[in-house]
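**Student:** Submitted below is the structure of interest, expressed as structure tokens.
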Amino acid sequence: METLVLVKAMLLFVPLALAFGLVLPARAWRPLAAVVVGAVVALAAAAGLSAGLLAYGVSFAIMGCVYALLALGLNTQWGYTGHLNFGVAGFFAVGAFTSALVTIEAPTGVAAQYTQMAFGLNMPFLVGVLAAAVVSGVVAFLIAVPVLRLRMDFLAIATIGVAEIIRLIFQNERWLANGPQPLRGIPQPMHCLVEANGCGWAPGWLNGALSVLSPRDYPLFYLVIIAVFVALVYVVIERACRSPWGRMLRAVRDEESSAAMNGKPITYVRIQSFVVGAVIMGIAGALYAHYTVTIDYSHFHALFATFLVWVMLMLGGSGNNRGAIIGGFIVWGVWSGTAFLADAIEPLLALISDDLPRRAAYFRWLLVALLLAGIVLFRPQGLLREEKVVSRYLRD
Amino acid sequence: MSATAGDDETTGAAAGTPAGQVLLEVRGLVRGFDSLRALDGADITVHEGTITGLIGPNGAGKTTLFNVITGFYMAQAGRVVFDGHDITNLPPHRIFRHGLCRTFQIPREHESLSVLENLMLVPTGQQGESLMNAWFRPGAVRRQERANRDKALEVLEFVELSHVRDEYARNLSGGQKKLLELARILMTDPRLVLLDEPGAGVNPTLMQRLTDNIRYLNAERGITFLVIEHDMDMIMSLCDPVIVMSEGRQLMTGPPEVVRRDPRVLEAYLGGQYAVAEG
């Protein structure tokens, strides 16, 4: 029992320390404080929370990380460059299906009659994520060349159309990814660590220490993996944005003609930022697929995978990468919380009309819409506003 | 009609102005919008080292000429030759790299950047503008950023905007934005600068500062200017020669005092009434 708590606490420590590193104020003591607070909270959560509550918290955090990645990708496109991309879901889907097709083992025998799919390369997880990033980037590039001639609302219309096309391709092309049927059995990285026999590649002591975990504790591992991914993407994108590259993006967003007259290659810059954002969205898709194990086209509707992400970025603060991550978690919290609320008001709705309880789910969208209206009216710059100084080299 | 008339009355050289080599040559430029021909075979020559004025009634095609020269609009016919290079219909950023800059009639600052970073944006060949360098060569980027910052601070000193260097550019007054446009030009080493109404909406004191700056840059740094301006006092005191445009073509060109007295110019501005009144 004691070792179980300790092992869980150690796994929880990584994402928690990273999270505190993000939200604590930027002082010299931040890294130390993040480590200490992260350790304390991890121990408390592992020891104090019931297994069910902990599992809920972990699955919540994993989806929060997926959305944080999507919001980071959108922030590069919209926050820094002003691309009104309403096709987030499309790149999310491309990433998810790419990684799935690369990592699943091609079905044989009887299974092949039920599951049709292209590729099926049975490659490791990291190769899948890499492939998702590359394919998503290539798709973004191919779309960017014709579509980025458009601005603002026209770009929004075009991108939402592209995302729908991508979703319909996955819905209808059976040979590609099993058409309307779900694609099952997407492998989970390091899953063997929680299995009875342990991993072949892991040293004996590790397998021994982790033998207290059962397969249903696996999400704890996945949370560590995805939290590390969010941190890496954040560092990489923050480095790019807080440099002359990011300044160039902002300049193009503010006033294209002037940037062109200062020798900046506008089209190239706009395509670059679009592709970089799409690569991040593709990575988010891959990490989502490996978490849920089973995916189908219905996971990639614009409501969940595009507009919720937009609300996240608006709330967190367009143009601020920290804000994008924090907004992702908050809005995902609001969205998850309203599920309980919708359940709670069902009896109330039943009093009004027999028909209404079935529609309680839409009540959640109403609340999200109200949240969005509130942000736009009362805090248009978001929780964390865009920072005035772009280049990090100017801070000293 | 008048395009040919303008040709025999040659530029500053004939009037005794010391003119260098031809820096910008525009030949037979045509650009229409629907049925309107904004540029109708415009021929313009700008000599190195001059501050050339460009005047003409509203709708004469002056700003369109700027837009076509700098690659914002496509020319439908004709050629733009800058310093021996054919730059017709190149994209703006390529034209800029030949050493040709412009300002806009209404200042187009990068509003969400600070004044300092508005200037630091300008230099070309910034290593940090490549993603690979931004990720993997922070040392080189840092050195370049330091150098660009120092240069920007120097330029801000020159145009007397140092006190607002950390302000958002959108918060500047109209006149300060004009100075910022000029400052951006100073961040580069241009051969020719096209100024689109630098004096519009600027108070007399600031106007004096602007013209002083232009004169200084012309004399000390050898920058050639082509200036669109409606303020005749400014044109007459600053520019030589002056090119007059009308209906998408060059009407004439010459030293300011000649242009001022020319009946064709008055006619163009007054739309024929003058000619009728004089008989």
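Going by the structure tokens order, chains are called A, B, ..., each with residues numbered from 1, while ligands are numbered from 1 in the order shown.
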Please report as a PyMOL selection string which residues of chain B come no farther than 9 Å from chain A, using only C-alpha atoms.
**Tutor:** chain B and resi 70+72+91-97+100-104+108-114+117-118+120-124+126-135+141-142+145-146+149+166-168+184-185+188
**Student:** Would you mind exporting the chosen residues as a short mmCIF file (atom, residue, chain, number, x, y, z; two decimals), in the first residue's frame, restricted to N, CA and C atoms?
**Tutor:**
data_model
loop_
_atom_site.label_atom_id
_atom_site.label_comp_id
_atom_site.auth_asym_id
_atom_site.auth_seq_id
_atom_site.Cartn_x
_atom_site.Cartn_y
_atom_site.Cartn_z
N THR B 70 6.60 50.27 -55.97
CA THR B 70 7.04 49.47 -54.84
C THR B 70 6.42 48.07 -54.82
N PHE B 72 3.23 47.00 -54.82
CA PHE B 72 1.95 46.70 -54.18
C PHE B 72 0.85 46.47 -55.21
N PRO B 91 7.88 41.48 -55.94
CA PRO B 91 7.17 41.67 -54.66
C PRO B 91 7.86 42.73 -53.81
N PRO B 92 7.10 43.42 -52.95
CA PRO B 92 7.65 44.56 -52.20
C PRO B 92 8.94 44.24 -51.44
N HIS B 93 9.01 43.06 -50.83
CA HIS B 93 10.21 42.83 -50.00
C HIS B 93 11.47 42.69 -50.86
N ARG B 94 11.31 42.26 -52.12
CA ARG B 94 12.48 42.17 -52.99
C ARG B 94 12.91 43.57 -53.44
N ILE B 95 11.90 44.41 -53.69
CA ILE B 95 12.21 45.78 -54.10
C ILE B 95 12.94 46.51 -52.97
N PHE B 96 12.46 46.28 -51.76
CA PHE B 96 13.09 46.89 -50.59
C PHE B 96 14.58 46.52 -50.53
N ARG B 97 14.87 45.29 -50.87
CA ARG B 97 16.26 44.84 -50.76
C ARG B 97 17.17 45.45 -51.82
N LEU B 100 15.20 50.47 -52.02
CA LEU B 100 14.12 51.41 -52.30
C LEU B 100 13.06 51.28 -51.20
N CYS B 101 12.84 52.36 -50.45
CA CYS B 101 11.86 52.32 -49.36
C CYS B 101 10.73 53.28 -49.63
N ARG B 102 9.68 53.13 -48.86
CA ARG B 102 8.61 54.10 -48.97
C ARG B 102 7.97 54.32 -47.60
N THR B 103 7.23 55.43 -47.50
CA THR B 103 6.33 55.60 -46.36
C THR B 103 4.92 55.68 -46.93
N PHE B 104 3.95 55.59 -46.06
CA PHE B 104 2.57 55.61 -46.51
C PHE B 104 1.90 56.92 -46.13
N ARG B 108 1.59 53.60 -41.26
CA ARG B 108 1.20 52.22 -40.99
C ARG B 108 2.20 51.61 -40.05
N GLU B 109 2.09 51.99 -38.80
CA GLU B 109 3.00 51.45 -37.80
C GLU B 109 2.53 50.06 -37.38
N HIS B 110 3.42 49.30 -36.76
CA HIS B 110 3.02 48.01 -36.21
C HIS B 110 2.51 48.28 -34.81
N GLU B 111 1.20 48.40 -34.68
CA GLU B 111 0.61 49.03 -33.50
C GLU B 111 0.87 48.26 -32.21
N SER B 112 0.97 46.95 -32.28
CA SER B 112 1.11 46.21 -31.02
C SER B 112 2.57 45.97 -30.66
N LEU B 113 3.49 46.54 -31.42
CA LEU B 113 4.90 46.47 -31.05
C LEU B 113 5.30 47.80 -30.43
N SER B 114 6.30 47.76 -29.55
CA SER B 114 6.79 49.00 -28.99
C SER B 114 7.51 49.79 -30.08
N GLU B 117 10.80 48.23 -30.90
CA GLU B 117 10.77 47.02 -31.72
C GLU B 117 10.23 47.28 -33.12
N ASN B 118 9.45 48.34 -33.27
CA ASN B 118 9.08 48.75 -34.63
C ASN B 118 10.33 49.00 -35.45
N MET B 120 13.47 47.84 -34.58
CA MET B 120 14.34 46.66 -34.62
C MET B 120 13.87 45.64 -35.64
N LEU B 121 12.61 45.77 -36.02
CA LEU B 121 12.07 44.86 -37.03
C LEU B 121 12.72 45.09 -38.39
N VAL B 122 13.10 46.34 -38.64
CA VAL B 122 13.44 46.75 -40.00
C VAL B 122 14.66 46.07 -40.63
N PRO B 123 15.80 45.98 -39.92
CA PRO B 123 16.99 45.49 -40.63
C PRO B 123 16.77 44.15 -41.33
N THR B 124 17.31 44.03 -42.51
CA THR B 124 17.19 42.75 -43.22
C THR B 124 18.32 41.83 -42.78
N GLN B 126 18.21 39.42 -40.61
CA GLN B 126 18.25 39.09 -39.19
C GLN B 126 18.25 37.58 -39.04
N GLN B 127 19.27 37.09 -38.34
CA GLN B 127 19.40 35.65 -38.16
C GLN B 127 18.21 35.07 -37.43
N GLY B 128 17.72 35.81 -36.43
CA GLY B 128 16.65 35.30 -35.60
C GLY B 128 15.33 35.19 -36.33
N GLU B 129 15.26 35.65 -37.56
CA GLU B 129 14.02 35.51 -38.32
C GLU B 129 13.91 34.12 -38.94
N SER B 130 14.98 33.36 -38.85
CA SER B 130 14.88 31.97 -39.29
C SER B 130 14.62 31.11 -38.06
N LEU B 131 13.67 30.19 -38.21
CA LEU B 131 13.30 29.35 -37.06
C LEU B 131 14.49 28.57 -36.53
N MET B 132 15.31 28.05 -37.43
CA MET B 132 16.43 27.23 -37.01
C MET B 132 17.38 28.02 -36.13
N ASN B 133 17.67 29.26 -36.53
CA ASN B 133 18.56 30.08 -35.71
C ASN B 133 17.92 30.46 -34.39
N ALA B 134 16.59 30.75 -34.46
CA ALA B 134 15.90 31.12 -33.22
C ALA B 134 15.97 29.98 -32.22
N TRP B 135 15.97 28.75 -32.72
CA TRP B 135 16.02 27.60 -31.80
C TRP B 135 17.45 27.25 -31.41
N VAL B 141 21.93 35.22 -32.44
CA VAL B 141 20.74 36.08 -32.46
C VAL B 141 20.89 37.18 -31.43
N ARG B 142 21.40 36.80 -30.24
CA ARG B 142 21.55 37.79 -29.18
C ARG B 142 22.50 38.92 -29.60
N GLU B 145 20.73 41.11 -32.03
CA GLU B 145 19.68 41.89 -31.38
C GLU B 145 20.29 43.08 -30.65
N ARG B 146 21.44 42.85 -29.99
CA ARG B 146 22.12 43.95 -29.29
C ARG B 146 22.47 45.06 -30.27
N ARG B 149 19.46 46.85 -31.50
CA ARG B 149 18.89 47.71 -30.47
C ARG B 149 19.69 49.01 -30.36
N ASP B 166 9.50 52.84 -25.32
CA ASP B 166 8.83 51.64 -24.82
C ASP B 166 7.31 51.73 -24.93
N GLU B 167 6.85 52.78 -25.57
CA GLU B 167 5.40 52.96 -25.74
C GLU B 167 4.93 52.07 -26.89
N TYR B 168 3.67 51.61 -26.83
CA TYR B 168 3.10 50.95 -28.01
C TYR B 168 3.03 51.97 -29.14
N ARG B 184 12.07 54.52 -39.32
CA ARG B 184 12.18 53.17 -39.87
C ARG B 184 13.07 53.16 -41.11
N ILE B 185 12.95 54.24 -41.89
CA ILE B 185 13.80 54.35 -43.07
C ILE B 185 15.27 54.44 -42.66
N THR B 188 17.64 51.46 -42.20
CA THR B 188 18.24 50.77 -43.34
C THR B 188 19.18 51.73 -44.05
#
**Student:** As a PyMOL selection string, please: the residues near Tyr218 (chain A) (cut-off 10 Å, only C-alpha atoms, same-chain neighbours under 6 positions excluded).
**Tutor:** chain A and resi 55+188-195+291
**Student:** With a distance cut-off of 12 Å and only C-alpha atoms, select the neighbouring residues of Leu16 (chain A), excluding the residue or stretch itself and same-chain residues fewer than 2 positions from it, and output the selection as a ChimeraX atom specification.
**Tutor:** /A:9-14,18-24,33-46,57-58,61,220,223-224,227-228,231
**Student:** Where in region 289-393 of chain A does DSSP assign helix (DSSP H, G or I), given as a VMD selection string?
**Tutor:** chain A and resid 289 to 292 297 to 300 302 to 316 321 to 352 356 to 378 392 to 393
**Student:** Give me the residues within 7 Å of region 40-52 of chain B as a PyMOL selection string, counting only C-alpha atoms and dropping any in the same chain fewer than 6 places off.
**Tutor:** chain B and resi 19-31+218+222-227+239-242+248-250
**Student:** Please save C-alpha atoms of the selected residues as a PDB file, in the first residue's frame.
**Tutor:**
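Final output, saved to result15.pdb:
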ATOM      1  CA  ALA B  19      21.929  66.059 -61.031  1.00  0.00           C
ATOM      2  CA  GLY B  20      23.610  62.734 -60.648  1.00  0.00           C
ATOM      3  CA  GLN B  21      22.919  59.649 -62.653  1.00  0.00           C
ATOM      4  CA  VAL B  22      19.431  58.408 -63.316  1.00  0.00           C
ATOM      5  CA  LEU B  23      18.421  56.364 -60.265  1.00  0.00           C
ATOM      6  CA  LEU B  24      14.802  55.573 -61.008  1.00  0.00           C
ATOM      7  CA  GLU B  25      13.335  55.413 -64.434  1.00  0.00           C
ATOM      8  CA  VAL B  26       9.657  54.756 -65.051  1.00  0.00           C
ATOM      9  CA  ARG B  27       8.638  54.217 -68.658  1.00  0.00           C
ATOM     10  CA  GLY B  28       5.102  54.034 -70.027  1.00  0.00           C
ATOM     11  CA  LEU B  29       3.593  52.689 -66.819  1.00  0.00           C
ATOM     12  CA  VAL B  30      -0.071  51.697 -67.117  1.00  0.00           C
ATOM     13  CA  ARG B  31      -2.358  50.642 -64.319  1.00  0.00           C
ATOM     14  CA  ASN B 218      19.843  64.020 -48.436  1.00  0.00           C
ATOM     15  CA  GLY B 222      23.250  60.907 -49.900  1.00  0.00           C
ATOM     16  CA  ILE B 223      19.711  59.510 -49.851  1.00  0.00           C
ATOM     17  CA  THR B 224      17.570  60.443 -52.823  1.00  0.00           C
ATOM     18  CA  PHE B 225      13.946  61.372 -52.122  1.00  0.00           C
ATOM     19  CA  LEU B 226      10.801  61.393 -54.204  1.00  0.00           C
ATOM     20  CA  VAL B 227       8.143  63.298 -52.276  1.00  0.00           C
ATOM     21  CA  CYS B 239      12.292  69.998 -53.801  1.00  0.00           C
ATOM     22  CA  ASP B 240      14.218  70.445 -57.001  1.00  0.00           C
ATOM     23  CA  PRO B 241      13.148  69.365 -59.539  1.00  0.00           C
ATOM     24  CA  VAL B 242       9.382  69.093 -59.274  1.00  0.00           C
ATOM     25  CA  GLY B 248      -2.019  59.388 -64.965  1.00  0.00           C
ATOM     26  CA  ARG B 249       0.870  60.956 -66.832  1.00  0.00           C
ATOM     27  CA  GLN B 250       3.708  63.339 -66.339  1.00  0.00           C
TER      28      GLN B 250
END
**Student:** For Asn213 (chain B), please output as a PDB file with N, CA and C atoms, in the first residue's frame all residues within 12 Å (counting only C-alpha atoms; exclusion window: fewer than 2 positions along the same chain).
**Tutor:**
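The result, written out as around-v4.pdb:
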ATOM      1  N   VAL B 155      18.878  55.931 -33.700  1.00  0.00           N
ATOM      2  CA  VAL B 155      17.917  56.539 -34.627  1.00  0.00           C
ATOM      3  C   VAL B 155      16.835  57.275 -33.850  1.00  0.00           C
ATOM      4  N   PHE B 158      18.020  60.533 -32.876  1.00  0.00           N
ATOM      5  CA  PHE B 158      18.072  61.466 -34.005  1.00  0.00           C
ATOM      6  C   PHE B 158      16.700  62.082 -34.288  1.00  0.00           C
ATOM      7  N   VAL B 159      15.640  61.250 -34.282  1.00  0.00           N
ATOM      8  CA  VAL B 159      14.310  61.801 -34.575  1.00  0.00           C
ATOM      9  C   VAL B 159      13.606  62.289 -33.311  1.00  0.00           C
ATOM     10  N   GLU B 160      14.333  62.279 -32.202  1.00  0.00           N
ATOM     11  CA  GLU B 160      13.815  62.785 -30.923  1.00  0.00           C
ATOM     12  C   GLU B 160      12.558  62.045 -30.481  1.00  0.00           C
ATOM     13  N   LYS B 178       4.511  59.918 -37.888  1.00  0.00           N
ATOM     14  CA  LYS B 178       5.239  60.329 -39.092  1.00  0.00           C
ATOM     15  C   LYS B 178       6.743  60.237 -38.853  1.00  0.00           C
ATOM     16  N   LEU B 179       7.161  60.671 -37.668  1.00  0.00           N
ATOM     17  CA  LEU B 179       8.584  60.595 -37.337  1.00  0.00           C
ATOM     18  C   LEU B 179       9.044  59.138 -37.269  1.00  0.00           C
ATOM     19  N   LEU B 182       9.762  57.826 -40.622  1.00  0.00           N
ATOM     20  CA  LEU B 182      11.072  58.305 -41.060  1.00  0.00           C
ATOM     21  C   LEU B 182      12.177  57.509 -40.360  1.00  0.00           C
ATOM     22  N   ALA B 183      11.954  57.259 -39.078  1.00  0.00           N
ATOM     23  CA  ALA B 183      12.963  56.521 -38.302  1.00  0.00           C
ATOM     24  C   ALA B 183      13.155  55.119 -38.871  1.00  0.00           C
ATOM     25  N   ILE B 185      12.953  54.244 -41.892  1.00  0.00           N
ATOM     26  CA  ILE B 185      13.799  54.347 -43.072  1.00  0.00           C
ATOM     27  C   ILE B 185      15.266  54.435 -42.662  1.00  0.00           C
ATOM     28  N   LEU B 186      15.484  55.158 -41.548  1.00  0.00           N
ATOM     29  CA  LEU B 186      16.869  55.361 -41.104  1.00  0.00           C
ATOM     30  C   LEU B 186      17.511  54.067 -40.606  1.00  0.00           C
ATOM     31  N   PRO B 198       4.422  63.387 -46.516  1.00  0.00           N
ATOM     32  CA  PRO B 198       4.990  63.395 -45.173  1.00  0.00           C
ATOM     33  C   PRO B 198       4.428  64.511 -44.305  1.00  0.00           C
ATOM     34  N   LEU B 206       6.519  70.583 -36.255  1.00  0.00           N
ATOM     35  CA  LEU B 206       6.938  69.238 -36.606  1.00  0.00           C
ATOM     36  C   LEU B 206       7.301  69.186 -38.080  1.00  0.00           C
ATOM     37  N   MET B 207       6.545  69.924 -38.887  1.00  0.00           N
ATOM     38  CA  MET B 207       6.810  69.994 -40.317  1.00  0.00           C
ATOM     39  C   MET B 207       8.236  70.485 -40.544  1.00  0.00           C
ATOM     40  N   GLN B 208       8.631  71.492 -39.774  1.00  0.00           N
ATOM     41  CA  GLN B 208       9.983  72.036 -39.896  1.00  0.00           C
ATOM     42  C   GLN B 208      11.001  70.955 -39.566  1.00  0.00           C
ATOM     43  N   ARG B 209      10.716  70.203 -38.510  1.00  0.00           N
ATOM     44  CA  ARG B 209      11.634  69.124 -38.119  1.00  0.00           C
ATOM     45  C   ARG B 209      11.749  68.073 -39.217  1.00  0.00           C
ATOM     46  N   LEU B 210      10.584  67.747 -39.809  1.00  0.00           N
ATOM     47  CA  LEU B 210      10.582  66.737 -40.867  1.00  0.00           C
ATOM     48  C   LEU B 210      11.414  67.184 -42.063  1.00  0.00           C
ATOM     49  N   THR B 211      11.176  68.440 -42.490  1.00  0.00           N
ATOM     50  CA  THR B 211      11.927  68.904 -43.658  1.00  0.00           C
ATOM     51  C   THR B 211      13.412  69.013 -43.342  1.00  0.00           C
ATOM     52  N   ARG B 215      16.285  67.071 -45.442  1.00  0.00           N
ATOM     53  CA  ARG B 215      17.437  67.777 -46.024  1.00  0.00           C
ATOM     54  C   ARG B 215      18.752  67.204 -45.523  1.00  0.00           C
ATOM     55  N   TYR B 216      18.779  66.949 -44.217  1.00  0.00           N
ATOM     56  CA  TYR B 216      19.999  66.418 -43.606  1.00  0.00           C
ATOM     57  C   TYR B 216      20.358  65.063 -44.221  1.00  0.00           C
ATOM     58  N   LEU B 217      19.350  64.211 -44.338  1.00  0.00           N
ATOM     59  CA  LEU B 217      19.609  62.864 -44.867  1.00  0.00           C
ATOM     60  C   LEU B 217      20.054  62.928 -46.308  1.00  0.00           C
ATOM     61  N   ASN B 218      19.478  63.855 -47.034  1.00  0.00           N
ATOM     62  CA  ASN B 218      19.843  64.020 -48.436  1.00  0.00           C
ATOM     63  C   ASN B 218      21.282  64.501 -48.559  1.00  0.00           C
ATOM     64  N   ALA B 219      21.642  65.484 -47.734  1.00  0.00           N
ATOM     65  CA  ALA B 219      22.970  66.072 -47.849  1.00  0.00           C
ATOM     66  C   ALA B 219      24.045  65.170 -47.245  1.00  0.00           C
ATOM     67  N   GLU B 220      23.772  64.640 -46.035  1.00  0.00           N
ATOM     68  CA  GLU B 220      24.821  63.937 -45.306  1.00  0.00           C
ATOM     69  C   GLU B 220      24.915  62.460 -45.673  1.00  0.00           C
ATOM     70  N   ARG B 221      23.772  61.853 -45.943  1.00  0.00           N
ATOM     71  CA  ARG B 221      23.809  60.415 -46.203  1.00  0.00           C
ATOM     72  C   ARG B 221      23.566  60.089 -47.660  1.00  0.00           C
ATOM     73  N   ILE B 223      20.938  60.219 -49.507  1.00  0.00           N
ATOM     74  CA  ILE B 223      19.711  59.510 -49.851  1.00  0.00           C
ATOM     75  C   ILE B 223      18.881  60.369 -50.815  1.00  0.00           C
ATOM     76  N   PHE B 225      15.352  61.403 -52.530  1.00  0.00           N
ATOM     77  CA  PHE B 225      13.946  61.372 -52.122  1.00  0.00           C
ATOM     78  C   PHE B 225      13.033  61.686 -53.297  1.00  0.00           C
ATOM     79  N   LEU B 238      11.717  72.700 -50.544  1.00  0.00           N
ATOM     80  CA  LEU B 238      12.485  71.469 -50.344  1.00  0.00           C
ATOM     81  C   LEU B 238      12.939  70.828 -51.649  1.00  0.00           C
TER      82      LEU B 238
END
**Student:** I'd like to know which of A:Ala51, A:Ala289, A:Leu6, A:Met314 is closest to Asp217 (chain A), using only C-alpha atoms.
**Tutor:**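 For Asp217 (chain A), the nearest of the candidates is A:Ala51.
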**Student:** Find the residues around Leu341 (chain A) up to 10 Å (only C-alpha atoms counted), leave out those fewer than 3 positions away in its own chain, and share them as a list in words.
**Tutor:**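 Here the answer would be Trp335, Ser336, Gly337, Thr338, Ala344, Ile345, Glu346, Ala360, Ala361, Phe363 and Arg364 of chain A.
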**Student:** Got time to write the residues from that selection, N, CA and C atoms, as a PDB file, in the first residue's frame?
**Tutor:**
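Writing the result to part-v5.pdb gives the following:
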ATOM      1  N   TRP A 335     -16.114  23.013 -19.230  1.00  0.00           N
ATOM      2  CA  TRP A 335     -16.860  22.093 -20.089  1.00  0.00           C
ATOM      3  C   TRP A 335     -17.181  20.800 -19.342  1.00  0.00           C
ATOM      4  N   SER A 336     -16.188  20.237 -18.645  1.00  0.00           N
ATOM      5  CA  SER A 336     -16.427  18.995 -17.900  1.00  0.00           C
ATOM      6  C   SER A 336     -17.405  19.248 -16.766  1.00  0.00           C
ATOM      7  N   GLY A 337     -17.251  20.414 -16.121  1.00  0.00           N
ATOM      8  CA  GLY A 337     -18.127  20.727 -14.992  1.00  0.00           C
ATOM      9  C   GLY A 337     -19.585  20.855 -15.419  1.00  0.00           C
ATOM     10  N   THR A 338     -19.804  21.422 -16.613  1.00  0.00           N
ATOM     11  CA  THR A 338     -21.183  21.625 -17.042  1.00  0.00           C
ATOM     12  C   THR A 338     -21.877  20.303 -17.332  1.00  0.00           C
ATOM     13  N   ALA A 344     -27.831  17.720 -13.579  1.00  0.00           N
ATOM     14  CA  ALA A 344     -28.572  18.193 -12.417  1.00  0.00           C
ATOM     15  C   ALA A 344     -29.875  18.896 -12.822  1.00  0.00           C
ATOM     16  N   ILE A 345     -29.843  19.589 -13.956  1.00  0.00           N
ATOM     17  CA  ILE A 345     -31.053  20.346 -14.299  1.00  0.00           C
ATOM     18  C   ILE A 345     -32.055  19.516 -15.082  1.00  0.00           C
ATOM     19  N   GLU A 346     -31.676  18.277 -15.394  1.00  0.00           N
ATOM     20  CA  GLU A 346     -32.611  17.467 -16.182  1.00  0.00           C
ATOM     21  C   GLU A 346     -33.993  17.329 -15.546  1.00  0.00           C
ATOM     22  N   ALA A 360     -30.730  18.416 -22.859  1.00  0.00           N
ATOM     23  CA  ALA A 360     -29.942  19.070 -21.811  1.00  0.00           C
ATOM     24  C   ALA A 360     -28.499  19.278 -22.241  1.00  0.00           C
ATOM     25  N   ALA A 361     -28.017  18.398 -23.123  1.00  0.00           N
ATOM     26  CA  ALA A 361     -26.620  18.512 -23.538  1.00  0.00           C
ATOM     27  C   ALA A 361     -26.344  19.870 -24.175  1.00  0.00           C
ATOM     28  N   PHE A 363     -27.494  22.575 -23.348  1.00  0.00           N
ATOM     29  CA  PHE A 363     -27.360  23.559 -22.289  1.00  0.00           C
ATOM     30  C   PHE A 363     -25.882  23.876 -22.041  1.00  0.00           C
ATOM     31  N   ARG A 364     -25.032  22.865 -22.205  1.00  0.00           N
ATOM     32  CA  ARG A 364     -23.597  23.086 -21.991  1.00  0.00           C
ATOM     33  C   ARG A 364     -23.045  24.066 -23.013  1.00  0.00           C
TER      34      ARG A 364
END
**Student:** Near Leu153 (chain B), within 10 Å and counting only C-alpha atoms, which residues show up once chain neighbours fewer than 4 positions away are dropped, as a ChimeraX atom specification?
**Tutor:** /B:116,119-120,147-149,157-158,161-162,165
**Student:** Would you please give, as number ranges by chain, all residues of region 45-279 of chain B that DSSP assigns to strand (DSSP E) based on the backbone?
**Tutor:** B: 45-47, 51-55, 77-82, 85-86, 100-102, 192-196, 224-228, 242-246, 249-254
**Student:** Please write the residues from the selection above to a file, keeping C-alpha atoms, as a PDB file, in the first residue's frame.
**Tutor:**
ATOM      1  CA  THR B  45      12.854  60.048 -64.044  1.00  0.00           C
ATOM      2  CA  VAL B  46      14.525  60.575 -60.678  1.00  0.00           C
ATOM      3  CA  HIS B  47      18.197  61.539 -60.550  1.00  0.00           C
ATOM      4  CA  ILE B  51      14.899  65.654 -53.533  1.00  0.00           C
ATOM      5  CA  THR B  52      12.362  65.367 -56.302  1.00  0.00           C
ATOM      6  CA  GLY B  53       8.841  66.623 -55.689  1.00  0.00           C
ATOM      7  CA  LEU B  54       5.793  64.946 -57.152  1.00  0.00           C
ATOM      8  CA  ILE B  55       2.679  67.083 -57.305  1.00  0.00           C
ATOM      9  CA  ALA B  77       2.283  47.797 -69.077  1.00  0.00           C
ATOM     10  CA  GLY B  78       5.536  49.681 -68.862  1.00  0.00           C
ATOM     11  CA  ARG B  79       8.763  49.283 -66.940  1.00  0.00           C
ATOM     12  CA  VAL B  80      10.292  50.395 -63.686  1.00  0.00           C
ATOM     13  CA  VAL B  81      14.076  50.431 -63.697  1.00  0.00           C
ATOM     14  CA  PHE B  82      15.886  51.155 -60.443  1.00  0.00           C
ATOM     15  CA  HIS B  85      17.755  46.710 -62.372  1.00  0.00           C
ATOM     16  CA  ASP B  86      14.352  46.001 -63.815  1.00  0.00           C
ATOM     17  CA  LEU B 100      14.115  51.409 -52.301  1.00  0.00           C
ATOM     18  CA  CYS B 101      11.865  52.319 -49.357  1.00  0.00           C
ATOM     19  CA  ARG B 102       8.612  54.105 -48.969  1.00  0.00           C
ATOM     20  CA  LEU B 192      15.835  56.088 -52.743  1.00  0.00           C
ATOM     21  CA  VAL B 193      12.961  56.886 -50.415  1.00  0.00           C
ATOM     22  CA  LEU B 194       9.428  57.516 -51.616  1.00  0.00           C
ATOM     23  CA  LEU B 195       7.567  59.755 -49.166  1.00  0.00           C
ATOM     24  CA  ASP B 196       3.799  59.881 -49.553  1.00  0.00           C
ATOM     25  CA  THR B 224      17.570  60.443 -52.823  1.00  0.00           C
ATOM     26  CA  PHE B 225      13.946  61.372 -52.122  1.00  0.00           C
ATOM     27  CA  LEU B 226      10.801  61.393 -54.204  1.00  0.00           C
ATOM     28  CA  VAL B 227       8.143  63.298 -52.276  1.00  0.00           C
ATOM     29  CA  ILE B 228       4.401  63.518 -52.871  1.00  0.00           C
ATOM     30  CA  VAL B 242       9.382  69.093 -59.274  1.00  0.00           C
ATOM     31  CA  ILE B 243       7.407  66.643 -61.381  1.00  0.00           C
ATOM     32  CA  VAL B 244       3.781  67.481 -62.123  1.00  0.00           C
ATOM     33  CA  MET B 245       1.374  64.655 -62.824  1.00  0.00           C
ATOM     34  CA  SER B 246      -2.076  64.880 -64.287  1.00  0.00           C
ATOM     35  CA  ARG B 249       0.870  60.956 -66.832  1.00  0.00           C
ATOM     36  CA  GLN B 250       3.708  63.339 -66.339  1.00  0.00           C
ATOM     37  CA  LEU B 251       2.563  66.792 -67.316  1.00  0.00           C
ATOM     38  CA  MET B 252       5.913  68.497 -66.959  1.00  0.00           C
ATOM     39  CA  THR B 253       9.016  68.670 -64.849  1.00  0.00           C
ATOM     40  CA  GLY B 254      11.389  71.425 -63.905  1.00  0.00           C
TER      41      GLY B 254
END
**Student:** Suppose you want the space between CA of Asn320 (chain A) and CA of Asn75 (chain A); what is it in Å?
**Tutor:**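 CA of Asn75 (chain A) lies at a distance of 7.4 Å from CA of Asn320 (chain A).
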